[in-house]
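Each remark here refers to the structure printed beneath this line.
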Amino acid sequence: VKRQADEELAVSEELQVSKCPVGRDDRKTAVFVDRHLTDLAGAEMVRSYAQSRDILRNGNLKQAGSGAEFVDMSDIDQVIMFYLDGEPHRQRRATVARFFSAKAIETRYKQVIEDHSRALLAGMQRDGSAKLDDIGYYLAVAVVCEILGLDYSDLIALSHRIEKLLADSGTNPVRPPNDPAVVHFYERDVAPIIAARRESRKDDVISHLIDAGYSDATIFTEVLSYVVGGMLTTREFIVIAAWHMFGSEELRRRFMDGDKKKQIDILEEILRVEPITARVVRRDPDGEEWGKVFAIDIRSANLDEAATGPCPHAIDPDRADRMRQEGAMMSFGDGVHRCPGAQLTLNETRIFLDLLFRVPGIRLAREPEIGWFAPNLAYELRGAVVVCDLAA
Ligand code: HEM
């Protein structure tokens with residue numbers, strides 16, 4: 001019996017190896033990103049998965065990413081969640097957790113995702129084609145606005161106003177507060193909602209922030225952080241996942257035949273090899289001093305063979321179960337700041353792509369071009385065109 005078991009093991013190991021021809025690399029963005037991403041000056045670069053996890057789970061270390069050094073921490077009630085640490089961060093997370101729970105996704109956002117996906121895809125069927133990054137972006141805008149409480153009834157015009165907020169360079173993804181596009185967005189889309197919610201609360205993040213006593217300025221900054229954290233990332237996720245599945249009949253079949261878990265396994269594995277956020281940063285304060293800085297290189301940590309097992313550059317949706325590992329690895333961060341929107345974006349992308357792949361005659365007519373959004377240290381995929389049979 002033992003010999004038989006040994007033989008079976010040998011065969012299954014051989015199968016795994018044969019699934020991975022030497023040098024297989026499924027990544028589409030890697031060469032491009034490597035050309036643009038440089039190490040963070042003055043920081044210790046962390047590339048191993050185990051060390052990244054230890055750092056992000058270490059409660060003594062503080063957020064040091066996205067310009068944290070420029071944030072005025074004198075009144076923490078006015079600071080957005082991303083930059084908080086310790087107890088104030090824990091409290092803020094606890095109060096918004098309900099907007100990201102599995103229950104909220106199931107009972108509230110799922111319907112919004114389905115309705116908007118169907119409407120956007122119906123538009124594509126009428127026209128016979130669509131730009132994938134546009135429709136993915138419109139969907140992401142709708143879902144984040146639903147969470148925040150913003151009015152997205154004129155979704156496409158709103159999406160364009162939000163697009164205009166983005167910086168072309170520098171380290172802050174959003175233009176400065178006095179930029180006309182930022183002022184216009186505030187006055188047109190955000191201030192009226194804050195005023196209305198001050199009169200009468202609803203079940204959304206803006207109402208909750210009012211209840212917690214935040215100023216209009218802080219609420220606006222928090223809104224902008226959701227734009228960057230939730231809209232831009234999801235747009236790229238939809239395009240990269242679609243691009244991989246259009247390129248592999250086997251992967252797409254598996255996705256369409258799979259249940260929810262199997263679909264999410266595929267999406268997480270794609271995100272592991274193509275992480276959108278390239279880096280998270282922490283510091284070890286030394287008394288009043290800023291202290292030592294650690295920059296977690298998410299791309300490297302996600303490819304660390306000690307955690308992924310063999311053939312880390314290959315997309316293998318069974319990997320996470322086999323390795324008993326978090327599927328997306330470091331792509332959503334880890335520890336107390338781990339992305340609260342992870343399940344939401346996974347489900348949003350899953351529902352949208354499932355409907356997209358079922359459109360009659362659907363195919364990718366043009367692959368996206370890869371660009372670099374320096375302020376966010378993230379790749380951008382633009383110009384992907386999907387075509388389909390015209391609606392009867
Ligand atoms: C593929 C999509 C997404 C990716 C790759 C992503 C990635 C990340 C990462 C890596 C972090 C951790 C940052 C750190 O530790 O310094 C994070 C935090 C965060 N994300 Fe996401 N995210 C995504 C989608 C979303 C969505 C859909 C939302 C909201 C609707 C969202 C809201 C946030 C917020 C508010 C934080 C800060 C959490 C905190 O500091 O406690 N993200 N995200």
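Convention: chains lettered A, B, ... in structure tokens order; per-chain residue numbering from 1; ligands numbered from 1 as shown.
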Practice task
Find the residues near ligand 1. Use a cut-off of 6 Å, count only C-alpha atoms and all ligand atoms, and write them as a PyMOL selection string.
Solution key: chain A and resi 65+81-82+144+226+229-230+233-234+237+276-277+280+331-333+337-342+344-345
Problem - DSSP alpha helix (DSSP H) residues within range 110-262 of chain A, as number ranges by chain - result: A: 110-127, 132-148, 155-163, 180-185, 191-199, 205-211, 216-226, 233-246, 249-257, 260-262
Practice task
Would you kindly return, as a PyMOL selection string, each protein, DNA or RNA residue with an atom no farther than 12 Å from any atom of His313 in chain A, considering only C-alpha atoms and excluding same-chain residues fewer than 6 positions away?
Solution key: chain A and resi 20-30+269-274+299-305+319
DSSP-assigned strand (DSSP E or B) members of range 144-369 of chain A, reported as a PDB file with N, CA, C and O atoms, in the first residue's frame:
```pdb
ATOM      1  N   LEU A 166      -7.621  63.511 -11.543  1.00  0.00           N
ATOM      2  CA  LEU A 166      -6.343  62.820 -11.394  1.00  0.00           C
ATOM      3  C   LEU A 166      -5.158  63.661 -11.851  1.00  0.00           C
ATOM      4  O   LEU A 166      -5.226  64.359 -12.863  1.00  0.00           O
ATOM      5  N   VAL A 174      -4.281  62.663  -6.734  1.00  0.00           N
ATOM      6  CA  VAL A 174      -5.339  63.640  -6.977  1.00  0.00           C
ATOM      7  C   VAL A 174      -4.714  65.032  -7.066  1.00  0.00           C
ATOM      8  O   VAL A 174      -3.742  65.340  -6.373  1.00  0.00           O
ATOM      9  N   ARG A 279       3.344  48.679  -4.080  1.00  0.00           N
ATOM     10  CA  ARG A 279       4.153  48.832  -2.866  1.00  0.00           C
ATOM     11  C   ARG A 279       3.313  49.344  -1.708  1.00  0.00           C
ATOM     12  O   ARG A 279       2.427  50.177  -1.902  1.00  0.00           O
ATOM     13  N   VAL A 280       3.555  48.835  -0.517  1.00  0.00           N
ATOM     14  CA  VAL A 280       3.043  49.485   0.689  1.00  0.00           C
ATOM     15  C   VAL A 280       4.240  49.767   1.592  1.00  0.00           C
ATOM     16  O   VAL A 280       5.253  49.060   1.536  1.00  0.00           O
ATOM     17  N   VAL A 281       4.116  50.807   2.417  1.00  0.00           N
ATOM     18  CA  VAL A 281       5.292  51.287   3.156  1.00  0.00           C
ATOM     19  C   VAL A 281       4.944  51.447   4.635  1.00  0.00           C
ATOM     20  O   VAL A 281       3.853  51.912   4.979  1.00  0.00           O
ATOM     21  N   ARG A 282       5.866  51.062   5.491  1.00  0.00           N
ATOM     22  CA  ARG A 282       5.696  51.237   6.936  1.00  0.00           C
ATOM     23  C   ARG A 282       6.970  51.815   7.526  1.00  0.00           C
ATOM     24  O   ARG A 282       8.032  51.711   6.942  1.00  0.00           O
ATOM     25  N   ARG A 283       6.832  52.386   8.729  1.00  0.00           N
ATOM     26  CA  ARG A 283       8.031  52.885   9.405  1.00  0.00           C
ATOM     27  C   ARG A 283       8.029  52.406  10.843  1.00  0.00           C
ATOM     28  O   ARG A 283       6.959  52.164  11.415  1.00  0.00           O
ATOM     29  N   ASP A 284       9.241  52.313  11.379  1.00  0.00           N
ATOM     30  CA  ASP A 284       9.406  51.890  12.761  1.00  0.00           C
ATOM     31  C   ASP A 284       9.803  53.137  13.547  1.00  0.00           C
ATOM     32  O   ASP A 284      10.976  53.514  13.546  1.00  0.00           O
ATOM     33  N   PRO A 285       8.853  53.827  14.205  1.00  0.00           N
ATOM     34  CA  PRO A 285       9.195  55.111  14.814  1.00  0.00           C
ATOM     35  C   PRO A 285      10.248  54.953  15.904  1.00  0.00           C
ATOM     36  O   PRO A 285      10.249  53.960  16.639  1.00  0.00           O
ATOM     37  N   ASP A 286      11.111  55.954  15.938  1.00  0.00           N
ATOM     38  CA  ASP A 286      12.177  55.938  16.921  1.00  0.00           C
ATOM     39  C   ASP A 286      11.954  57.162  17.802  1.00  0.00           C
ATOM     40  O   ASP A 286      12.407  58.253  17.484  1.00  0.00           O
ATOM     41  N   GLU A 289      11.233  60.531  16.330  1.00  0.00           N
ATOM     42  CA  GLU A 289      11.795  60.500  14.975  1.00  0.00           C
ATOM     43  C   GLU A 289      10.955  59.619  14.064  1.00  0.00           C
ATOM     44  O   GLU A 289      10.220  58.742  14.519  1.00  0.00           O
ATOM     45  N   TRP A 290      11.065  59.855  12.765  1.00  0.00           N
ATOM     46  CA  TRP A 290      10.323  59.111  11.749  1.00  0.00           C
ATOM     47  C   TRP A 290      10.698  57.623  11.792  1.00  0.00           C
ATOM     48  O   TRP A 290       9.880  56.740  11.623  1.00  0.00           O
ATOM     49  N   GLY A 291      11.997  57.356  12.029  1.00  0.00           N
ATOM     50  CA  GLY A 291      12.458  55.972  12.183  1.00  0.00           C
ATOM     51  C   GLY A 291      12.756  55.274  10.872  1.00  0.00           C
ATOM     52  O   GLY A 291      12.746  55.879   9.802  1.00  0.00           O
ATOM     53  N   LYS A 292      13.008  53.964  11.000  1.00  0.00           N
ATOM     54  CA  LYS A 292      13.407  53.175   9.833  1.00  0.00           C
ATOM     55  C   LYS A 292      12.204  52.875   8.944  1.00  0.00           C
ATOM     56  O   LYS A 292      11.117  52.580   9.444  1.00  0.00           O
ATOM     57  N   VAL A 293      12.403  52.937   7.630  1.00  0.00           N
ATOM     58  CA  VAL A 293      11.289  52.737   6.694  1.00  0.00           C
ATOM     59  C   VAL A 293      11.438  51.392   5.970  1.00  0.00           C
ATOM     60  O   VAL A 293      12.528  51.034   5.528  1.00  0.00           O
ATOM     61  N   PHE A 294      10.326  50.666   5.881  1.00  0.00           N
ATOM     62  CA  PHE A 294      10.305  49.396   5.147  1.00  0.00           C
ATOM     63  C   PHE A 294       9.358  49.542   3.956  1.00  0.00           C
ATOM     64  O   PHE A 294       8.197  49.953   4.132  1.00  0.00           O
ATOM     65  N   ALA A 295       9.844  49.234   2.772  1.00  0.00           N
ATOM     66  CA  ALA A 295       8.987  49.279   1.576  1.00  0.00           C
ATOM     67  C   ALA A 295       8.739  47.848   1.110  1.00  0.00           C
ATOM     68  O   ALA A 295       9.676  47.138   0.734  1.00  0.00           O
ATOM     69  N   ILE A 296       7.475  47.442   1.201  1.00  0.00           N
ATOM     70  CA  ILE A 296       7.135  46.077   0.792  1.00  0.00           C
ATOM     71  C   ILE A 296       6.951  46.061  -0.721  1.00  0.00           C
ATOM     72  O   ILE A 296       6.062  46.745  -1.248  1.00  0.00           O
ATOM     73  N   ASP A 297       7.775  45.286  -1.404  1.00  0.00           N
ATOM     74  CA  ASP A 297       7.673  45.148  -2.855  1.00  0.00           C
ATOM     75  C   ASP A 297       6.684  44.007  -3.141  1.00  0.00           C
ATOM     76  O   ASP A 297       7.033  42.832  -3.102  1.00  0.00           O
ATOM     77  N   ARG A 363     -15.657  38.877 -28.016  1.00  0.00           N
ATOM     78  CA  ARG A 363     -14.219  38.620 -28.172  1.00  0.00           C
ATOM     79  C   ARG A 363     -13.448  39.924 -27.936  1.00  0.00           C
ATOM     80  O   ARG A 363     -14.026  41.016 -28.004  1.00  0.00           O
ATOM     81  N   LEU A 364     -12.174  39.765 -27.671  1.00  0.00           N
ATOM     82  CA  LEU A 364     -11.316  40.933 -27.454  1.00  0.00           C
ATOM     83  C   LEU A 364     -10.733  41.317 -28.815  1.00  0.00           C
ATOM     84  O   LEU A 364      -9.889  40.598 -29.356  1.00  0.00           O
ATOM     85  N   ALA A 365     -11.191  42.427 -29.366  1.00  0.00           N
ATOM     86  CA  ALA A 365     -10.742  42.810 -30.710  1.00  0.00           C
ATOM     87  C   ALA A 365      -9.426  43.576 -30.646  1.00  0.00           C
ATOM     88  O   ALA A 365      -8.656  43.575 -31.591  1.00  0.00           O
ATOM     89  N   ARG A 366      -9.203  44.258 -29.544  1.00  0.00           N
ATOM     90  CA  ARG A 366      -7.938  44.991 -29.395  1.00  0.00           C
ATOM     91  C   ARG A 366      -7.425  44.845 -27.972  1.00  0.00           C
ATOM     92  O   ARG A 366      -8.178  45.076 -27.026  1.00  0.00           O
ATOM     93  N   GLU A 369      -3.255  48.825 -24.177  1.00  0.00           N
ATOM     94  CA  GLU A 369      -1.861  49.288 -24.098  1.00  0.00           C
ATOM     95  C   GLU A 369      -1.543  49.510 -22.629  1.00  0.00           C
ATOM     96  O   GLU A 369      -2.408  49.951 -21.869  1.00  0.00           O
TER      97      GLU A 369
END
```
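Near Leu37 in chain A, within a cut-off of 9 Å and counting only C-alpha atoms, sit the residues Phe32, Val33, Ala278, Ala374, Leu377 and Ala378 of chain A, with same-chain residues fewer than 4 positions away left out.
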Expected file contents, prior selection, N, CA, C and O atoms, as a compact mmCIF listing (two decimals), in the first residue's frame:
```txt
# COMPACT_ATOMS: atom_id res chain seq x y z
N PHE A 32 7.02 45.83 -18.32
CA PHE A 32 6.69 47.25 -18.33
C PHE A 32 6.89 47.86 -16.93
O PHE A 32 7.53 48.90 -16.77
N VAL A 33 6.31 47.20 -15.94
CA VAL A 33 6.39 47.76 -14.57
C VAL A 33 7.85 47.81 -14.11
O VAL A 33 8.28 48.82 -13.52
N ALA A 278 1.72 48.41 -6.27
CA ALA A 278 3.05 47.80 -6.34
C ALA A 278 3.76 47.78 -4.98
O ALA A 278 4.65 46.96 -4.76
N ALA A 374 2.24 57.11 -12.45
CA ALA A 374 3.31 57.26 -11.47
C ALA A 374 2.83 57.61 -10.07
O ALA A 374 3.31 57.04 -9.09
N LEU A 377 1.92 54.51 -8.44
CA LEU A 377 2.84 53.40 -8.71
C LEU A 377 2.05 52.19 -9.24
O LEU A 377 2.18 51.07 -8.73
N ALA A 378 1.22 52.44 -10.23
CA ALA A 378 0.36 51.35 -10.72
C ALA A 378 0.30 51.37 -12.24
O ALA A 378 0.39 52.43 -12.87
```
Handout entry: Shell of 9 Å around Ser52 in chain A, only C-alpha atoms, local chain residues under 3 positions omitted, as an MDAnalysis selection string
Key = chainID A and resid 46:49 55:57 295:298 301 330 334
Can you spit out the residues from that selection as a PDB file, in the first residue's frame, using C-alpha atoms?
```pdb
ATOM      1  CA  VAL A  46      11.335  43.893   1.542  1.00  0.00           C
ATOM      2  CA  ARG A  47      10.850  41.217  -1.085  1.00  0.00           C
ATOM      3  CA  SER A  48      10.143  38.015   0.811  1.00  0.00           C
ATOM      4  CA  TYR A  49       6.561  37.044   1.540  1.00  0.00           C
ATOM      5  CA  ILE A  55       6.070  43.756   8.945  1.00  0.00           C
ATOM      6  CA  LEU A  56       2.439  44.407   7.993  1.00  0.00           C
ATOM      7  CA  ARG A  57       1.204  42.463  11.020  1.00  0.00           C
ATOM      8  CA  ALA A 295       8.987  49.279   1.576  1.00  0.00           C
ATOM      9  CA  ILE A 296       7.135  46.077   0.792  1.00  0.00           C
ATOM     10  CA  ASP A 297       7.673  45.148  -2.855  1.00  0.00           C
ATOM     11  CA  ILE A 298       4.351  43.407  -3.496  1.00  0.00           C
ATOM     12  CA  ALA A 301       6.574  39.017  -2.318  1.00  0.00           C
ATOM     13  CA  MET A 330       0.125  40.604  -0.757  1.00  0.00           C
ATOM     14  CA  ASP A 334      -1.962  42.490   5.136  1.00  0.00           C
TER      15      ASP A 334
END
```
Problem - range 137-139 of chain A surroundings by only C-alpha atoms, 12 Å radius, close-in-sequence under 4 positions cut, as a ChimeraX atom specification - result: /A:109-110,112-121,131-133,143-146,152-163,227-228,230-239,345,348-349,351-353,380-382
